file structure-v2.pdb (PDB, C-alpha atoms, pLDDT in the B column)
ATOM      1  CA  MET A   1      14.625  29.426   3.208  1.00 33.00           C
ATOM      2  CA  GLU A   2      17.066  29.795   6.072  1.00 35.00           C
ATOM      3  CA  GLY A   3      17.336  27.777   9.262  1.00 36.00           C
ATOM      4  CA  LEU A   4      17.701  24.043   9.751  1.00 37.00           C
ATOM      5  CA  TYR A   5      18.007  23.450   6.034  1.00 37.00           C
ATOM      6  CA  GLY A   6      20.112  26.476   5.116  1.00 37.00           C
ATOM      7  CA  HIS A   7      19.497  28.125   1.768  1.00 37.00           C
ATOM      8  CA  CYS A   8      17.688  25.762  -0.589  1.00 40.00           C
ATOM      9  CA  THR A   9      17.079  25.908  -4.315  1.00 44.00           C
ATOM     10  CA  GLY A  10      16.015  23.411  -6.951  1.00 48.00           C
ATOM     11  CA  CYS A  11      13.037  21.326  -5.938  1.00 53.00           C
ATOM     12  CA  GLY A  12      12.936  23.166  -2.657  1.00 52.00           C
ATOM     13  CA  SER A  13      12.079  26.384  -4.429  1.00 56.00           C
ATOM     14  CA  ALA A  14       8.686  27.635  -5.529  1.00 59.00           C
ATOM     15  CA  ASN A  15       9.733  26.948  -9.131  1.00 66.00           C
ATOM     16  CA  GLY A  16      10.568  23.315  -8.412  1.00 67.00           C
ATOM     17  CA  HIS A  17       7.296  22.842  -6.551  1.00 69.00           C
ATOM     18  CA  ALA A  18       5.372  24.423  -9.449  1.00 78.00           C
ATOM     19  CA  LEU A  19       7.112  22.180 -11.986  1.00 80.00           C
ATOM     20  CA  LEU A  20       6.076  19.103 -10.001  1.00 82.00           C
ATOM     21  CA  LYS A  21       2.465  20.273  -9.915  1.00 80.00           C
ATOM     22  CA  LEU A  22       2.394  21.212 -13.609  1.00 84.00           C
ATOM     23  CA  SER A  23       3.933  17.923 -14.707  1.00 84.00           C
ATOM     24  CA  ASN A  24       1.412  15.824 -12.733  1.00 89.00           C
ATOM     25  CA  ALA A  25       4.329  13.773 -11.424  1.00 92.00           C
ATOM     26  CA  ASN A  26       3.294  10.715  -9.433  1.00 93.00           C
ATOM     27  CA  LYS A  27       6.396   8.491  -9.415  1.00 93.00           C
ATOM     28  CA  THR A  28       9.599  10.281  -8.499  1.00 95.00           C
ATOM     29  CA  ILE A  29      13.192   9.567  -7.563  1.00 96.00           C
ATOM     30  CA  GLU A  30      15.532  11.740  -5.512  1.00 96.00           C
ATOM     31  CA  VAL A  31      19.286  11.234  -5.641  1.00 97.00           C
ATOM     32  CA  GLY A  32      20.733  12.829  -2.527  1.00 96.00           C
ATOM     33  CA  VAL A  33      18.321  13.537   0.297  1.00 95.00           C
ATOM     34  CA  PHE A  34      20.365  15.051   3.150  1.00 94.00           C
ATOM     35  CA  THR A  35      17.820  16.205   5.771  1.00 93.00           C
ATOM     36  CA  GLY A  36      14.851  15.855   3.446  1.00 92.00           C
ATOM     37  CA  TYR A  37      13.780  19.444   2.737  1.00 91.00           C
ATOM     38  CA  SER A  38      13.360  18.938  -1.014  1.00 90.00           C
ATOM     39  CA  LEU A  39      12.058  15.445  -0.357  1.00 93.00           C
ATOM     40  CA  LEU A  40       9.292  16.859   1.835  1.00 94.00           C
ATOM     41  CA  LEU A  41       8.330  19.457  -0.765  1.00 92.00           C
ATOM     42  CA  THR A  42       8.230  16.760  -3.424  1.00 93.00           C
ATOM     43  CA  ALA A  43       6.043  14.586  -1.199  1.00 95.00           C
ATOM     44  CA  LEU A  44       3.661  17.477  -0.613  1.00 93.00           C
ATOM     45  CA  ALA A  45       3.465  18.278  -4.336  1.00 93.00           C
ATOM     46  CA  ILE A  46       2.644  14.774  -5.599  1.00 94.00           C
ATOM     47  CA  PRO A  47      -0.747  13.082  -5.120  1.00 94.00           C
ATOM     48  CA  ASP A  48      -1.506  11.096  -1.973  1.00 95.00           C
ATOM     49  CA  ASP A  49      -0.889   7.827  -3.833  1.00 95.00           C
ATOM     50  CA  GLY A  50       2.401   9.122  -5.283  1.00 95.00           C
ATOM     51  CA  LYS A  51       5.735   7.489  -4.480  1.00 95.00           C
ATOM     52  CA  ILE A  52       9.284   8.743  -4.068  1.00 96.00           C
ATOM     53  CA  MET A  53      12.357   6.547  -4.157  1.00 95.00           C
ATOM     54  CA  ALA A  54      14.866   8.469  -2.039  1.00 97.00           C
ATOM     55  CA  LEU A  55      18.546   7.490  -2.313  1.00 97.00           C
ATOM     56  CA  ASP A  56      21.178   8.652   0.143  1.00 97.00           C
ATOM     57  CA  PRO A  57      24.041   6.938   1.982  1.00 97.00           C
ATOM     58  CA  ASP A  58      23.435   8.942   5.175  1.00 96.00           C
ATOM     59  CA  ARG A  59      20.351   7.798   7.086  1.00 96.00           C
ATOM     60  CA  LYS A  60      21.290   9.937  10.113  1.00 97.00           C
ATOM     61  CA  ALA A  61      20.942  13.150   8.101  1.00 95.00           C
ATOM     62  CA  TYR A  62      17.599  11.952   6.674  1.00 96.00           C
ATOM     63  CA  GLU A  63      16.349  11.196  10.193  1.00 96.00           C
ATOM     64  CA  ILE A  64      16.924  14.840  11.206  1.00 96.00           C
ATOM     65  CA  GLY A  65      14.133  15.881   8.848  1.00 95.00           C
ATOM     66  CA  LEU A  66      11.972  12.779   9.333  1.00 97.00           C
ATOM     67  CA  PRO A  67       9.867  14.291  12.158  1.00 97.00           C
ATOM     68  CA  PHE A  68       8.825  17.096   9.778  1.00 97.00           C
ATOM     69  CA  ILE A  69       7.969  14.574   7.046  1.00 97.00           C
ATOM     70  CA  LYS A  70       5.879  12.593   9.543  1.00 97.00           C
ATOM     71  CA  LYS A  71       4.155  15.718  10.866  1.00 97.00           C
ATOM     72  CA  ALA A  72       3.211  16.655   7.301  1.00 97.00           C
ATOM     73  CA  GLY A  73       1.682  13.194   6.803  1.00 97.00           C
ATOM     74  CA  ALA A  74       3.992  12.420   3.887  1.00 97.00           C
ATOM     75  CA  GLU A  75       6.056   9.500   5.197  1.00 97.00           C
ATOM     76  CA  HIS A  76       3.923   6.887   3.388  1.00 97.00           C
ATOM     77  CA  LYS A  77       5.011   8.329   0.027  1.00 97.00           C
ATOM     78  CA  ILE A  78       8.739   7.849   0.658  1.00 97.00           C
ATOM     79  CA  ASP A  79      10.857   4.740   0.195  1.00 96.00           C
ATOM     80  CA  PHE A  80      14.222   5.703   1.673  1.00 97.00           C
ATOM     81  CA  ILE A  81      17.109   3.544   0.482  1.00 96.00           C
ATOM     82  CA  GLU A  82      20.315   3.963   2.468  1.00 97.00           C
ATOM     83  CA  SER A  83      22.924   3.561  -0.237  1.00 97.00           C
ATOM     84  CA  PRO A  84      25.120   5.473  -2.641  1.00 97.00           C
ATOM     85  CA  ALA A  85      22.941   6.191  -5.669  1.00 97.00           C
ATOM     86  CA  LEU A  86      25.012   4.758  -8.527  1.00 97.00           C
ATOM     87  CA  PRO A  87      24.796   1.102  -7.431  1.00 95.00           C
ATOM     88  CA  VAL A  88      21.020   1.406  -6.976  1.00 94.00           C
ATOM     89  CA  LEU A  89      20.550   3.125 -10.333  1.00 95.00           C
ATOM     90  CA  ASP A  90      22.677   0.463 -12.020  1.00 93.00           C
ATOM     91  CA  LYS A  91      20.686  -2.269 -10.326  1.00 91.00           C
ATOM     92  CA  LEU A  92      17.433  -0.671 -11.472  1.00 90.00           C
ATOM     93  CA  LEU A  93      18.674  -0.783 -15.044  1.00 88.00           C
ATOM     94  CA  GLU A  94      20.186  -4.278 -14.934  1.00 83.00           C
ATOM     95  CA  ASP A  95      18.410  -6.477 -12.431  1.00 69.00           C
ATOM     96  CA  GLU A  96      14.924  -7.852 -12.938  1.00 56.00           C
ATOM     97  CA  SER A  97      14.638  -8.478  -9.181  1.00 55.00           C
ATOM     98  CA  MET A  98      14.293  -4.725  -8.740  1.00 63.00           C
ATOM     99  CA  ILE A  99      10.976  -4.906 -10.595  1.00 55.00           C
ATOM    100  CA  LEU A 100       9.401  -6.167  -7.372  1.00 54.00           C
ATOM    101  CA  LEU A 101      10.599  -3.083  -5.532  1.00 60.00           C
ATOM    102  CA  LEU A 102       9.505  -0.876  -8.392  1.00 60.00           C
ATOM    103  CA  SER A 103       6.089  -2.491  -8.753  1.00 57.00           C
ATOM    104  CA  ARG A 104       4.877   0.384  -6.567  1.00 58.00           C
ATOM    105  CA  TYR A 105       6.186   2.776  -9.202  1.00 58.00           C
ATOM    106  CA  CYS A 106       5.752   1.154 -12.595  1.00 55.00           C
ATOM    107  CA  HIS A 107       2.355  -0.277 -13.343  1.00 53.00           C
ATOM    108  CA  ASN A 108       2.200  -2.217 -16.628  1.00 54.00           C
ATOM    109  CA  ASN A 109       5.903  -1.675 -17.301  1.00 53.00           C
ATOM    110  CA  PRO A 110       7.801  -4.928 -17.941  1.00 51.00           C
ATOM    111  CA  SER A 111      11.183  -3.261 -17.341  1.00 54.00           C
ATOM    112  CA  ASN A 112      12.430  -0.504 -15.088  1.00 60.00           C
ATOM    113  CA  LYS A 113      13.077   1.857 -17.979  1.00 63.00           C
ATOM    114  CA  GLU A 114      10.939   4.988 -18.187  1.00 67.00           C
ATOM    115  CA  THR A 115       9.520   4.291 -14.721  1.00 83.00           C
ATOM    116  CA  PHE A 116       9.713   7.727 -13.137  1.00 93.00           C
ATOM    117  CA  ASP A 117       7.890  10.958 -13.973  1.00 94.00           C
ATOM    118  CA  PHE A 118      10.379  13.179 -12.173  1.00 94.00           C
ATOM    119  CA  ALA A 119      13.923  13.052 -10.804  1.00 94.00           C
ATOM    120  CA  PHE A 120      15.711  15.497  -8.526  1.00 94.00           C
ATOM    121  CA  VAL A 121      19.469  15.262  -8.045  1.00 94.00           C
ATOM    122  CA  ASP A 122      21.282  16.992  -5.202  1.00 93.00           C
ATOM    123  CA  ALA A 123      24.180  14.648  -4.492  1.00 91.00           C
ATOM    124  CA  ASP A 124      27.928  14.558  -5.077  1.00 89.00           C
ATOM    125  CA  LYS A 125      28.480  16.933  -7.980  1.00 87.00           C
ATOM    126  CA  ASP A 126      31.347  14.883  -9.456  1.00 91.00           C
ATOM    127  CA  ASN A 127      28.845  12.156 -10.345  1.00 94.00           C
ATOM    128  CA  TYR A 128      26.176  14.354 -11.936  1.00 93.00           C
ATOM    129  CA  TRP A 129      27.061  13.104 -15.416  1.00 94.00           C
ATOM    130  CA  ASN A 130      26.877   9.471 -14.232  1.00 96.00           C
ATOM    131  CA  TYR A 131      23.474  10.105 -12.639  1.00 96.00           C
ATOM    132  CA  HIS A 132      22.349  11.883 -15.799  1.00 95.00           C
ATOM    133  CA  GLU A 133      23.208   8.926 -18.061  1.00 95.00           C
ATOM    134  CA  ARG A 134      21.212   6.520 -15.887  1.00 95.00           C
ATOM    135  CA  LEU A 135      18.271   8.790 -15.173  1.00 95.00           C
ATOM    136  CA  LEU A 136      17.751   9.429 -18.882  1.00 94.00           C
ATOM    137  CA  LYS A 137      16.828   5.744 -19.107  1.00 91.00           C
ATOM    138  CA  LEU A 138      14.732   5.654 -15.932  1.00 92.00           C
ATOM    139  CA  VAL A 139      12.672   8.819 -16.400  1.00 93.00           C
ATOM    140  CA  LYS A 140       9.875   8.577 -18.940  1.00 91.00           C
ATOM    141  CA  ILE A 141       9.860  10.632 -22.112  1.00 91.00           C
ATOM    142  CA  GLY A 142       8.323  13.962 -21.192  1.00 90.00           C
ATOM    143  CA  GLY A 143       9.420  13.593 -17.563  1.00 92.00           C
ATOM    144  CA  LEU A 144      11.611  16.069 -15.744  1.00 91.00           C
ATOM    145  CA  ILE A 145      15.127  15.726 -14.382  1.00 92.00           C
ATOM    146  CA  ILE A 146      16.227  18.624 -12.197  1.00 90.00           C
ATOM    147  CA  TYR A 147      19.756  19.131 -10.881  1.00 89.00           C
ATOM    148  CA  ASP A 148      20.581  21.338  -7.908  1.00 85.00           C
ATOM    149  CA  ASN A 149      23.591  23.672  -7.993  1.00 73.00           C
ATOM    150  CA  THR A 150      24.437  23.133 -11.653  1.00 64.00           C
ATOM    151  CA  LEU A 151      25.423  26.726 -12.301  1.00 59.00           C
ATOM    152  CA  GLY A 152      28.012  27.096  -9.563  1.00 55.00           C
ATOM    153  CA  TRP A 153      29.988  23.859  -9.785  1.00 48.00           C
ATOM    154  CA  ASN A 154      31.732  24.063 -13.181  1.00 52.00           C
ATOM    155  CA  CYS A 155      29.203  21.481 -14.261  1.00 49.00           C
ATOM    156  CA  CYS A 156      27.889  21.121 -17.747  1.00 50.00           C
ATOM    157  CA  LEU A 157      24.923  18.947 -18.748  1.00 49.00           C
ATOM    158  CA  ALA A 158      23.182  18.831 -22.081  1.00 47.00           C
TER     159      ALA A 158
END
call {"tool": "encode", "arguments": {"input": "structure-v2.pdb", "output": "structure tokens"}}
result
Amino acid sequence: MEGLYGHCTGCGSANGHALLKLSNANKTIEVGVFTGYSLLLTALAIPDDGKIMALDPDRKAYEIGLPFIKKAGAEHKIDFIESPALPVLDKLLEDESMILLLSRYCHNNPSNKETFDFAFVDADKDNYWNYHERLLKLVKIGGLIIYDNTLGWNCCLA
């Protein structure tokens, strides 16, 4: 897709959208939001009661796409957290106070581990491995973790 969002892949592609539908994802996390193109497609793919924790340090970029998210009727699914992702991910893994925030995501889960059905990462490529280590603990067994631009950034994930 060209235009406001430029060329998008990953969750913004038909394949990413299909994976979300096939996996029956309900609780998702996005690391790196930018203007929200992939975020919007995720919101449209999950059920009406689904939730997305969206992490990005740049609220101004997110607000560029917010009118489209609102027009699509998907804003209620998104919890935007203006912050670099690593501190939030670490807090999710370490701090029991985050359970209150995650109570919208993790029913009957006494910890934050294996909370999410799906994760999409499109953030600073140098931290992909750091995100990967944390998301492996936060995404449930059988869940999906998708990384954007992994083939063109000299990036290697197992």
call {"tool": "closest_residue", "arguments": {"input": "structure-v2.pdb", "among": "A:Ala74, A:Ala45, A:Ala54, A:Leu40", "to": "Asn26 of chain A", "atoms": "all atoms listed in the file"}}
result
A:Ala45
call {"tool": "axis_aligned_box", "arguments": {"input": "structure-v2.pdb", "around": "segment 62-81 of chain A", "padding_each_side": "3 Å", "output": "AutoDock Vina command-line options"}}
result
--center_x 9.6 --center_y 10.3 --center_z 6.1 --size_x 21.9 --size_y 19.6 --size_z 18.1
call {"tool": "resolve_selection", "arguments": {"input": "structure-v2.pdb", "expression": "the PyMOL selection byres ((chain A and resi 55-69) around 7)", "output": "compact mmCIF listing (two decimals) with C-alpha atoms, in the frame of the given file"}}
result
# COMPACT_ATOMS: atom_id res chain seq x y z
CA GLU A 30 15.53 11.74 -5.51
CA VAL A 31 19.29 11.23 -5.64
CA GLY A 32 20.73 12.83 -2.53
CA VAL A 33 18.32 13.54 0.30
CA PHE A 34 20.36 15.05 3.15
CA THR A 35 17.82 16.20 5.77
CA GLY A 36 14.85 15.86 3.45
CA LEU A 40 9.29 16.86 1.84
CA MET A 53 12.36 6.55 -4.16
CA ALA A 54 14.87 8.47 -2.04
CA LYS A 70 5.88 12.59 9.54
CA LYS A 71 4.16 15.72 10.87
CA ALA A 72 3.21 16.66 7.30
CA GLY A 73 1.68 13.19 6.80
CA ALA A 74 3.99 12.42 3.89
CA GLU A 75 6.06 9.50 5.20
CA PHE A 80 14.22 5.70 1.67
CA ILE A 81 17.11 3.54 0.48
CA GLU A 82 20.32 3.96 2.47
CA SER A 83 22.92 3.56 -0.24
CA PRO A 84 25.12 5.47 -2.64
CA ALA A 85 22.94 6.19 -5.67
call {"tool": "closest_residue", "arguments": {"input": "structure-v2.pdb", "among": "A:Ala25, A:Ala43, A:Leu89, A:Val121", "to": "Asn149 of chain A", "atoms": "all atoms listed in the file"}}
result
A:Val121
call {"tool": "atom_distance", "arguments": {"input": "structure-v2.pdb", "atom1": "atom CA of Tyr128 of chain A", "atom2": "atom CA of Lys27 of chain A"}}
result
20.8 Å
call {"tool": "residues_around", "arguments": {"input": "structure-v2.pdb", "residues": "Lys51 of chain A", "least_positions_apart": "2", "cutoff": "9 Å", "atoms": "only C-alpha atoms", "output": "list in words"}}
result
Asn26, Lys27, Thr28, Ile29, Ala43, Ile46, Pro47, Asp48, Asp49, Met53, His76, Lys77, Ile78, Asp79, Arg104 and Tyr105 of chain A
call {"tool": "residues_near_point", "arguments": {"input": "structure-v2.pdb", "point": "(8.8, 17.9, -6.5)", "cutoff": "9 Å", "atoms": "all atoms listed in the file", "output": "compact mmCIF listing (two decimals) with C-alpha atoms, keeping the file's coordinate frame"}}
result
# COMPACT_ATOMS: atom_id res chain seq x y z
CA CYS A 11 13.04 21.33 -5.94
CA GLY A 12 12.94 23.17 -2.66
CA GLY A 16 10.57 23.32 -8.41
CA HIS A 17 7.30 22.84 -6.55
CA ALA A 18 5.37 24.42 -9.45
CA LEU A 19 7.11 22.18 -11.99
CA LEU A 20 6.08 19.10 -10.00
CA LYS A 21 2.46 20.27 -9.91
CA ALA A 25 4.33 13.77 -11.42
CA THR A 28 9.60 10.28 -8.50
CA SER A 38 13.36 18.94 -1.01
CA LEU A 39 12.06 15.44 -0.36
CA LEU A 40 9.29 16.86 1.84
CA LEU A 41 8.33 19.46 -0.76
CA THR A 42 8.23 16.76 -3.42
CA ALA A 43 6.04 14.59 -1.20
CA LEU A 44 3.66 17.48 -0.61
CA ALA A 45 3.46 18.28 -4.34
CA ILE A 46 2.64 14.77 -5.60
CA PHE A 118 10.38 13.18 -12.17
CA ALA A 119 13.92 13.05 -10.80
CA PHE A 120 15.71 15.50 -8.53
call {"tool": "atom_distance", "arguments": {"input": "structure-v2.pdb", "atom1": "atom CA of Ser23 of chain A", "atom2": "atom CA of Asn130 of chain A"}}
result
24.5 Å
call {"tool": "closest_residue", "arguments": {"input": "structure-v2.pdb", "among": "A:Arg134, A:Asp117, A:Ala123, A:Leu93", "to": "Asn24 of chain A", "atoms": "only C-alpha atoms"}}
result
A:Asp117
call {"tool": "atom_distance", "arguments": {"input": "structure-v2.pdb", "atom1": "atom CA of Asp148 of chain A", "atom2": "atom CA of Leu86 of chain A"}}
result
17.2 Å
call {"tool": "build_atoms", "arguments": {"input": "structure-v2.pdb", "residues": "segment 132-146 of chain A", "atoms": "N, CA, C and O atoms", "output": "mmCIF file, keeping the file's coordinate frame"}}
result
data_model
loop_
_atom_site.group_PDB
_atom_site.id
_atom_site.type_symbol
_atom_site.label_atom_id
_atom_site.label_comp_id
_atom_site.auth_asym_id
_atom_site.auth_seq_id
_atom_site.Cartn_x
_atom_site.Cartn_y
_atom_site.Cartn_z
ATOM 1 N N HIS A 132 23.082 11.434 -14.611
ATOM 2 C CA HIS A 132 22.349 11.883 -15.799
ATOM 3 C C HIS A 132 22.179 10.738 -16.804
ATOM 4 O O HIS A 132 21.077 10.505 -17.304
ATOM 5 N N GLU A 133 23.268 10.031 -17.096
ATOM 6 C CA GLU A 133 23.208 8.926 -18.061
ATOM 7 C C GLU A 133 22.190 7.869 -17.642
ATOM 8 O O GLU A 133 21.464 7.332 -18.469
ATOM 9 N N ARG A 134 22.125 7.561 -16.374
ATOM 10 C CA ARG A 134 21.212 6.520 -15.887
ATOM 11 C C ARG A 134 19.778 7.027 -15.802
ATOM 12 O O ARG A 134 18.836 6.323 -16.169
ATOM 13 N N LEU A 135 19.623 8.250 -15.319
ATOM 14 C CA LEU A 135 18.271 8.790 -15.173
ATOM 15 C C LEU A 135 17.583 9.020 -16.515
ATOM 16 O O LEU A 135 16.355 8.913 -16.612
ATOM 17 N N LEU A 136 18.353 9.298 -17.554
ATOM 18 C CA LEU A 136 17.751 9.429 -18.882
ATOM 19 C C LEU A 136 17.007 8.152 -19.278
ATOM 20 O O LEU A 136 16.021 8.206 -20.012
ATOM 21 N N LYS A 137 17.471 7.026 -18.799
ATOM 22 C CA LYS A 137 16.828 5.744 -19.107
ATOM 23 C C LYS A 137 15.688 5.427 -18.147
ATOM 24 O O LYS A 137 14.788 4.664 -18.487
ATOM 25 N N LEU A 138 15.728 5.982 -16.956
ATOM 26 C CA LEU A 138 14.732 5.654 -15.932
ATOM 27 C C LEU A 138 13.551 6.618 -15.890
ATOM 28 O O LEU A 138 12.479 6.263 -15.401
ATOM 29 N N VAL A 139 13.756 7.838 -16.382
ATOM 30 C CA VAL A 139 12.672 8.819 -16.400
ATOM 31 C C VAL A 139 11.978 8.741 -17.755
ATOM 32 O O VAL A 139 12.621 8.693 -18.797
ATOM 33 N N LYS A 140 10.651 8.735 -17.705
ATOM 34 C CA LYS A 140 9.875 8.577 -18.940
ATOM 35 C C LYS A 140 10.074 9.765 -19.868
ATOM 36 O O LYS A 140 10.448 10.861 -19.434
ATOM 37 N N ILE A 141 9.815 9.552 -21.135
ATOM 38 C CA ILE A 141 9.860 10.632 -22.112
ATOM 39 C C ILE A 141 8.811 11.659 -21.704
ATOM 40 O O ILE A 141 7.668 11.315 -21.418
ATOM 41 N N GLY A 142 9.214 12.899 -21.644
ATOM 42 C CA GLY A 142 8.323 13.962 -21.192
ATOM 43 C C GLY A 142 8.438 14.229 -19.703
ATOM 44 O O GLY A 142 7.853 15.180 -19.194
ATOM 45 N N GLY A 143 9.198 13.379 -18.993
ATOM 46 C CA GLY A 143 9.420 13.593 -17.563
ATOM 47 C C GLY A 143 10.463 14.670 -17.339
ATOM 48 O O GLY A 143 11.078 15.179 -18.281
ATOM 49 N N LEU A 144 10.668 15.016 -16.100
ATOM 50 C CA LEU A 144 11.611 16.069 -15.744
ATOM 51 C C LEU A 144 12.761 15.511 -14.919
ATOM 52 O O LEU A 144 12.548 14.684 -14.038
ATOM 53 N N ILE A 145 13.958 16.000 -15.209
ATOM 54 C CA ILE A 145 15.127 15.726 -14.382
ATOM 55 C C ILE A 145 15.696 17.082 -13.995
ATOM 56 O O ILE A 145 16.061 17.876 -14.856
ATOM 57 N N ILE A 146 15.742 17.335 -12.699
ATOM 58 C CA ILE A 146 16.227 18.624 -12.197
ATOM 59 C C ILE A 146 17.481 18.382 -11.361
ATOM 60 O O ILE A 146 17.514 17.476 -10.535
#
